[in-house]
$ cat work-v3.cif   # mmCIF, C-alpha atoms and all ligand atoms
data_final
loop_
_atom_site.label_atom_id
_atom_site.label_comp_id
_atom_site.auth_asym_id
_atom_site.auth_seq_id
_atom_site.Cartn_x
_atom_site.Cartn_y
_atom_site.Cartn_z
CA MET A 466 81.96 -10.92 10.28
CA HIS A 467 80.07 -12.02 13.34
CA LYS A 468 77.24 -9.61 14.18
CA VAL A 469 75.25 -9.26 10.99
CA GLY A 470 72.05 -7.28 10.65
CA VAL A 471 69.03 -8.46 8.73
CA LEU A 472 66.68 -5.66 7.70
CA ALA A 473 63.39 -6.81 9.21
CA LEU A 474 60.87 -4.12 8.27
CA GLN A 475 59.12 -6.28 5.70
CA GLY A 476 59.80 -9.37 3.62
CA ALA A 477 61.79 -12.55 3.91
CA SER A 478 64.13 -11.81 6.83
CA LYS A 479 63.61 -14.94 8.95
CA ARG A 480 65.26 -17.47 6.67
CA HIS A 481 68.26 -15.16 6.23
CA ALA A 482 68.67 -14.96 10.01
CA GLU A 483 68.47 -18.75 10.22
CA ALA A 484 71.12 -19.14 7.53
CA LEU A 485 73.46 -16.74 9.34
CA ALA A 486 72.95 -18.56 12.66
CA ALA A 487 73.58 -21.93 10.98
CA LEU A 488 76.94 -20.56 9.83
CA GLY A 489 77.89 -19.47 13.34
CA ALA A 490 77.22 -15.75 12.90
CA CYS A 491 75.01 -13.67 15.18
CA PRO A 492 72.00 -12.27 13.28
CA VAL A 493 70.53 -8.95 14.50
CA GLU A 494 67.08 -7.88 13.33
CA VAL A 495 67.27 -4.28 12.15
CA ARG A 496 64.15 -2.13 12.59
CA THR A 497 65.44 1.11 14.11
CA PRO A 498 68.53 3.31 13.66
CA GLU A 499 69.77 2.06 17.06
CA ASP A 500 69.87 -1.49 15.70
CA LEU A 501 72.66 -0.41 13.33
CA ALA A 502 74.96 0.43 16.21
CA ASP A 503 77.11 -2.65 16.43
CA ILE A 504 76.46 -4.64 13.27
CA GLU A 505 79.39 -5.33 10.94
CA GLY A 506 77.33 -6.06 7.83
CA ILE A 507 73.71 -6.27 6.74
CA ILE A 508 71.41 -8.40 4.62
CA LEU A 509 68.61 -6.64 2.77
CA PRO A 510 66.06 -9.37 2.07
CA GLY A 511 63.51 -9.95 -0.65
CA GLY A 512 60.00 -8.63 -0.28
CA GLU A 513 58.53 -5.53 -1.84
CA SER A 514 61.05 -2.81 -2.53
CA THR A 515 58.46 -0.01 -2.74
CA THR A 516 57.11 -0.89 0.72
CA MET A 517 60.60 -1.34 2.16
CA SER A 518 61.64 2.07 0.85
CA LYS A 519 58.61 3.67 2.52
CA LEU A 520 59.17 1.81 5.81
CA LEU A 521 62.87 2.75 5.82
CA ASP A 522 61.83 6.41 5.64
CA LEU A 523 59.11 6.04 8.29
CA ALA A 524 61.54 4.31 10.67
CA GLY A 525 64.13 7.07 10.18
CA LEU A 526 66.42 4.32 9.00
CA PHE A 527 67.09 5.29 5.41
CA GLU A 528 69.71 8.00 6.04
CA PRO A 529 71.66 6.25 8.83
CA LEU A 530 71.76 3.03 6.83
CA ALA A 531 72.80 4.96 3.69
CA ASP A 532 75.66 6.49 5.72
CA ARG A 533 76.86 3.08 6.91
CA LEU A 534 76.70 1.69 3.37
CA ARG A 535 78.61 4.65 1.95
CA GLU A 536 81.26 4.11 4.64
CA GLY A 537 81.74 0.61 3.23
CA MET A 538 79.74 -1.66 5.51
CA PRO A 539 79.32 -5.02 3.72
CA ALA A 540 75.81 -5.63 2.43
CA PHE A 541 74.07 -8.55 0.76
CA GLY A 542 70.87 -7.62 -1.07
CA THR A 543 68.55 -10.29 -2.39
CA CYS A 544 65.78 -9.55 -4.89
CA ALA A 545 63.99 -6.49 -3.45
CA GLY A 546 67.15 -6.00 -1.37
CA MET A 547 69.20 -5.83 -4.56
CA ILE A 548 66.78 -3.19 -5.90
CA LEU A 549 67.38 -1.13 -2.73
CA LEU A 550 71.15 -1.28 -3.20
CA SER A 551 71.05 -0.34 -6.89
CA ALA A 552 71.94 2.97 -8.51
CA ARG A 553 68.73 3.32 -10.52
CA ILE A 554 65.30 1.70 -10.56
CA LEU A 555 63.95 1.90 -14.09
CA ASP A 556 60.27 1.44 -13.30
CA GLY A 557 60.02 2.14 -9.61
CA ARG A 558 57.34 4.23 -7.98
CA ALA A 559 58.06 7.95 -8.10
CA ASP A 560 58.80 8.08 -4.36
CA GLN A 561 60.84 4.86 -4.27
CA ARG A 562 64.41 5.33 -3.04
CA CYS A 563 67.59 3.31 -3.43
CA PHE A 564 71.00 3.47 -1.78
CA GLY A 565 73.13 3.62 -4.93
CA VAL A 566 76.03 1.54 -3.62
CA LEU A 567 75.77 -1.03 -6.42
CA ASP A 568 76.28 0.56 -9.81
CA VAL A 569 73.52 -1.23 -11.70
CA ASP A 570 70.16 -0.23 -13.18
CA VAL A 571 67.36 -2.65 -12.39
CA ARG A 572 63.91 -3.23 -13.77
CA ARG A 573 61.43 -4.61 -11.27
CA ASN A 574 59.42 -7.79 -11.85
CA ALA A 575 61.04 -8.30 -15.23
CA PHE A 576 62.45 -11.81 -14.83
CA GLY A 577 60.26 -14.74 -15.87
CA ARG A 578 57.23 -12.51 -16.33
CA GLN A 579 55.24 -15.34 -17.76
CA VAL A 580 55.62 -17.58 -14.70
CA ASP A 581 56.22 -15.11 -11.86
CA SER A 582 58.53 -17.50 -10.12
CA PHE A 583 60.89 -20.28 -11.12
CA GLU A 584 63.89 -22.20 -9.90
CA ALA A 585 67.10 -22.60 -11.86
CA GLU A 586 70.49 -24.07 -11.13
CA VAL A 587 72.91 -21.23 -11.81
CA ALA A 588 76.65 -21.49 -12.32
CA VAL A 589 78.50 -19.14 -9.99
CA ASP A 590 82.09 -18.07 -10.65
CA ARG A 591 84.49 -19.08 -7.92
CA LEU A 592 81.86 -20.88 -5.81
CA PRO A 593 83.12 -24.38 -5.12
CA GLY A 594 80.80 -27.35 -5.38
CA GLY A 595 78.79 -26.81 -8.57
CA GLY A 596 75.71 -24.79 -9.48
CA PHE A 597 73.56 -22.92 -6.99
CA PRO A 598 69.82 -23.67 -6.74
CA ALA A 599 68.36 -20.21 -7.30
CA VAL A 600 64.71 -19.39 -6.59
CA PHE A 601 63.43 -16.40 -8.57
CA ILE A 602 60.23 -14.68 -7.37
CA ARG A 603 59.05 -11.67 -9.39
CA ALA A 604 62.74 -11.01 -9.76
CA PRO A 605 64.35 -7.81 -11.02
CA VAL A 606 66.42 -7.76 -14.20
CA ILE A 607 69.74 -5.93 -14.17
CA GLU A 608 69.74 -3.87 -17.36
CA ARG A 609 73.01 -1.99 -16.92
CA VAL A 610 76.18 -3.00 -15.09
CA GLY A 611 78.78 -0.38 -14.17
CA GLU A 612 82.50 -0.88 -14.75
CA GLU A 613 83.21 -1.52 -11.07
CA VAL A 614 80.68 -4.33 -10.86
CA GLU A 615 81.77 -7.94 -11.17
CA VAL A 616 79.14 -10.31 -12.53
CA LEU A 617 79.39 -13.67 -10.74
CA SER A 618 76.48 -15.41 -12.41
CA SER A 619 74.11 -14.90 -15.34
CA VAL A 620 70.96 -16.56 -16.63
CA ASP A 621 70.15 -16.26 -20.33
CA GLY A 622 72.85 -13.61 -20.60
CA LEU A 623 71.34 -11.49 -17.80
CA PRO A 624 73.37 -10.91 -14.62
CA VAL A 625 71.72 -12.45 -11.55
CA LEU A 626 74.53 -12.29 -8.99
CA CYS A 627 77.05 -9.51 -8.76
CA ARG A 628 79.46 -7.80 -6.49
CA GLN A 629 80.98 -4.37 -6.12
CA GLY A 630 83.55 -4.24 -3.34
CA PRO A 631 81.74 -5.02 -0.08
CA VAL A 632 78.33 -5.21 -1.77
CA LEU A 633 76.94 -8.54 -2.95
CA ALA A 634 73.57 -8.77 -4.68
CA ALA A 635 71.38 -11.54 -6.05
CA ALA A 636 68.25 -11.23 -8.17
CA PHE A 637 67.06 -14.49 -6.58
CA HIS A 638 66.35 -15.75 -3.04
CA PRO A 639 69.37 -17.72 -1.76
CA GLU A 640 67.73 -18.10 1.66
CA LEU A 641 64.98 -20.29 0.21
CA SER A 642 67.25 -23.15 -0.76
CA ASP A 643 69.16 -25.12 1.86
CA ASP A 644 72.44 -24.13 0.23
CA LEU A 645 74.39 -21.79 2.52
CA ARG A 646 77.32 -21.10 0.20
CA LEU A 647 76.33 -17.56 -0.76
CA HIS A 648 75.73 -16.55 2.86
CA GLN A 649 79.12 -18.10 3.60
CA LEU A 650 80.70 -16.11 0.76
CA PHE A 651 79.20 -12.92 2.20
CA LEU A 652 80.39 -13.69 5.74
CA GLU A 653 83.92 -14.47 4.60
CA ASP A 654 84.48 -10.99 3.21
N1 LIG A 701 59.07 -7.49 -7.15
C1 LIG A 701 59.61 -7.13 -5.88
C2 LIG A 701 59.97 -5.65 -5.83
O1 LIG A 701 59.90 -4.96 -6.75
C3 LIG A 701 60.80 -7.99 -5.53
C4 LIG A 701 60.37 -9.42 -5.40
C5 LIG A 701 61.12 -10.18 -4.36
O2 LIG A 701 61.87 -9.62 -3.55
N2 LIG A 701 60.90 -11.46 -4.34
O3 LIG A 701 60.37 -5.20 -4.81
#
$ encode --input "work-v3.cif" --output "structure tokens"
Amino acid sequence: MHKVGVLALQGASKRHAEALAALGACPVEVRTPEDLADIEGIILPGGESTTMSKLLDLAGLFEPLADRLREGMPAFGTCAGMILLSARILDGRADQRCFGVLDVDVRRNAFGRQVDSFEAEVAVDRLPGGGFPAVFIRAPVIERVGEEVEVLSSVDGLPVLCRQGPVLAAAFHPELSDDLRLHQLFLED
């Protein structure tokens, strides 16, 4: 993958774009349906999934992006981005939408409630070079994992990184550590 979109309506898009550029890819900020035209994959960043859902509708971007995702465009969702990719949001706002291309149920803000944010070194299956420094910020918990979903990493028995075909999703913020291996993994597919 070379031209990779980063949804830039709200949230932590900049560091994702920097990570993609550092790996030799060409990041494209996605704000309008036209921006989807020639991207080969997309990163949905962390931020606030309720706001992102609303802004996706206002920008007329929800349906065209949903179409591309259903057609199999690779996507990497992180934190709020993972919530957007999920099949079901257990405690979302009534009008909050999700794309349903990752067969998991998520509960918002459920990880590390007592501290809001924390960092943990997580072991990732098939990622060379040891654990990944994962930054969790008001992170969602995956409460159900569908049969098609492969769990690549868990913390305290809860999945925090998973994949379903072309869709990769992390409950944490991989763009906030200087470790580019998960962006690399996404680009390689
Ligand atoms: N709590 C946020 C939400 O529900 C996600 C937090 C994040 O992306 N860091 O959208």
$ residues_around --input "work-v3.cif" --residues "Glu653 (chain A)" --least-positions-apart "4" --cutoff "9 Å" --atoms "only C-alpha atoms" --output "list in words"
Met466, His648 and Gln649 of chain A
$ residues_around --input "work-v3.cif" --residues "Ile508 (chain A)" --least-positions-apart "3" --cutoff "9 Å" --atoms "all atoms listed in the file" --output "count of residues only"
13
$ residues_near_ligand --input "work-v3.cif" --ligand "ligand LIG 701 (chain A)" --cutoff "9 Å" --atoms "all atoms listed in the file" --output "MDAnalysis selection string"
chainID A and resid 476:477 510:517 543:549 557 572:575 582 601:605 636:638
$ axis_aligned_box --input "work-v3.cif" --around "region 619-629 of chain A" --padding-each-side "4 Å" --output "JSON"
{"center_x": 75.6, "center_y": -10.5, "center_z": -13.4, "size_x": 18.8, "size_y": 20.2, "size_z": 22.5}
$ atom_distance --input "work-v3.cif" --atom1 "CA of Gly596 (chain A)" --atom2 "CA of Leu623 (chain A)"
16.3 Å
$ atom_distance --input "work-v3.cif" --atom1 "CA of Glu615 (chain A)" --atom2 "CA of Gly630 (chain A)"
8.8 Å
$ closest_residue --input "work-v3.cif" --among "A:Val606, A:Leu488, A:Ala634, A:Met538" --to "Asp570 (chain A)" --atoms "only C-alpha atoms"
A:Val606
$ closest_residue --input "work-v3.cif" --among "A:Leu645, A:Ala502, A:Leu567, A:Ala588" --to "Gln629 (chain A)" --atoms "all atoms listed in the file"
A:Leu567
$ closest_residue --input "work-v3.cif" --among "A:Val587, A:Phe651, A:Asp643, A:Asp500" --to "Gly622 (chain A)" --atoms "all atoms listed in the file"
A:Val587
$ decode --input "work-v3.cif" --residues "region 610-641 of chain A" --atoms "N, CA, C and O atoms" --output "compact mmCIF listing (two decimals), in the first residue's frame"
# COMPACT_ATOMS: atom_id res chain seq x y z
N VAL A 610 -15.96 -11.38 20.65
CA VAL A 610 -15.13 -11.51 19.46
C VAL A 610 -15.77 -12.56 18.55
O VAL A 610 -16.00 -13.69 18.98
N GLY A 611 -16.07 -12.20 17.33
CA GLY A 611 -16.67 -13.14 16.38
C GLY A 611 -15.69 -14.20 15.91
O GLY A 611 -14.47 -14.04 16.07
N GLU A 612 -16.23 -15.25 15.32
CA GLU A 612 -15.40 -16.39 14.91
C GLU A 612 -14.34 -16.03 13.87
O GLU A 612 -13.29 -16.65 13.80
N GLU A 613 -14.64 -15.03 13.06
CA GLU A 613 -13.71 -14.65 11.98
C GLU A 613 -12.58 -13.77 12.46
O GLU A 613 -11.68 -13.43 11.70
N VAL A 614 -12.65 -13.35 13.72
CA VAL A 614 -11.69 -12.38 14.23
C VAL A 614 -10.52 -13.09 14.91
O VAL A 614 -10.72 -13.98 15.73
N GLU A 615 -9.32 -12.67 14.53
CA GLU A 615 -8.11 -13.22 15.12
C GLU A 615 -7.59 -12.24 16.18
O GLU A 615 -7.40 -11.06 15.88
N VAL A 616 -7.42 -12.73 17.40
CA VAL A 616 -6.90 -11.86 18.46
C VAL A 616 -5.37 -11.94 18.46
O VAL A 616 -4.80 -13.01 18.62
N LEU A 617 -4.73 -10.79 18.24
CA LEU A 617 -3.26 -10.77 18.16
C LEU A 617 -2.61 -10.41 19.48
O LEU A 617 -1.42 -10.65 19.68
N SER A 618 -3.36 -9.78 20.37
CA SER A 618 -2.80 -9.41 21.66
C SER A 618 -3.91 -9.20 22.67
O SER A 618 -5.00 -8.73 22.32
N SER A 619 -3.62 -9.57 23.92
CA SER A 619 -4.60 -9.38 25.00
C SER A 619 -3.91 -8.81 26.22
O SER A 619 -2.72 -9.01 26.43
N VAL A 620 -4.67 -8.09 27.03
CA VAL A 620 -4.19 -7.60 28.32
C VAL A 620 -5.20 -8.06 29.36
O VAL A 620 -6.40 -7.80 29.21
N ASP A 621 -4.71 -8.73 30.40
CA ASP A 621 -5.59 -9.26 31.44
C ASP A 621 -6.73 -10.09 30.84
O ASP A 621 -7.89 -10.00 31.28
N GLY A 622 -6.43 -10.84 29.79
CA GLY A 622 -7.43 -11.71 29.19
C GLY A 622 -8.40 -10.98 28.26
O GLY A 622 -9.31 -11.60 27.71
N LEU A 623 -8.22 -9.67 28.08
CA LEU A 623 -9.11 -8.91 27.20
C LEU A 623 -8.39 -8.60 25.89
O LEU A 623 -7.25 -8.10 25.93
N PRO A 624 -9.01 -8.85 24.74
CA PRO A 624 -8.35 -8.57 23.47
C PRO A 624 -8.09 -7.08 23.30
O PRO A 624 -8.97 -6.26 23.58
N VAL A 625 -6.88 -6.73 22.87
CA VAL A 625 -6.58 -5.30 22.64
C VAL A 625 -6.07 -5.04 21.22
O VAL A 625 -5.91 -3.88 20.82
N LEU A 626 -5.80 -6.12 20.48
CA LEU A 626 -5.37 -5.95 19.08
C LEU A 626 -5.96 -7.12 18.32
O LEU A 626 -5.80 -8.27 18.72
N CYS A 627 -6.69 -6.83 17.27
CA CYS A 627 -7.27 -7.94 16.52
C CYS A 627 -7.38 -7.62 15.05
O CYS A 627 -7.21 -6.46 14.63
N ARG A 628 -7.64 -8.67 14.31
CA ARG A 628 -7.68 -8.53 12.87
C ARG A 628 -8.78 -9.41 12.30
O ARG A 628 -9.03 -10.51 12.78
N GLN A 629 -9.44 -8.88 11.28
CA GLN A 629 -10.41 -9.69 10.53
C GLN A 629 -10.17 -9.37 9.07
O GLN A 629 -10.56 -8.30 8.59
N GLY A 630 -9.52 -10.26 8.36
CA GLY A 630 -9.18 -10.01 6.96
C GLY A 630 -8.38 -8.73 6.83
O GLY A 630 -7.34 -8.56 7.47
N PRO A 631 -8.87 -7.77 6.03
CA PRO A 631 -8.12 -6.53 5.80
C PRO A 631 -8.27 -5.49 6.91
O PRO A 631 -7.76 -4.39 6.80
N VAL A 632 -8.98 -5.85 7.98
CA VAL A 632 -9.23 -4.88 9.05
C VAL A 632 -8.37 -5.21 10.27
O VAL A 632 -8.39 -6.33 10.78
N LEU A 633 -7.62 -4.20 10.70
CA LEU A 633 -6.77 -4.33 11.89
C LEU A 633 -7.28 -3.31 12.90
O LEU A 633 -7.66 -2.20 12.52
N ALA A 634 -7.32 -3.68 14.18
CA ALA A 634 -7.85 -2.74 15.16
C ALA A 634 -7.15 -2.88 16.49
O ALA A 634 -6.88 -3.99 16.96
N ALA A 635 -6.84 -1.73 17.10
CA ALA A 635 -6.16 -1.70 18.39
C ALA A 635 -6.98 -0.87 19.36
O ALA A 635 -7.49 0.21 18.98
N ALA A 636 -7.09 -1.35 20.59
CA ALA A 636 -7.79 -0.56 21.62
C ALA A 636 -6.91 0.59 22.10
O ALA A 636 -7.39 1.52 22.74
N PHE A 637 -5.61 0.53 21.76
CA PHE A 637 -4.66 1.54 22.25
C PHE A 637 -4.23 2.47 21.11
O PHE A 637 -4.78 2.41 20.01
N HIS A 638 -3.27 3.32 21.41
CA HIS A 638 -2.79 4.34 20.45
C HIS A 638 -1.37 4.00 19.97
O HIS A 638 -0.40 4.52 20.55
N PRO A 639 -1.21 3.23 18.92
CA PRO A 639 0.15 2.86 18.48
C PRO A 639 0.92 4.06 17.93
O PRO A 639 2.15 4.02 17.88
N GLU A 640 0.23 5.12 17.55
CA GLU A 640 0.92 6.28 16.97
C GLU A 640 1.62 7.11 18.04
O GLU A 640 2.41 8.00 17.72
N LEU A 641 1.31 6.85 19.33
CA LEU A 641 1.90 7.67 20.38
C LEU A 641 3.21 7.12 20.91
O LEU A 641 3.89 7.78 21.70
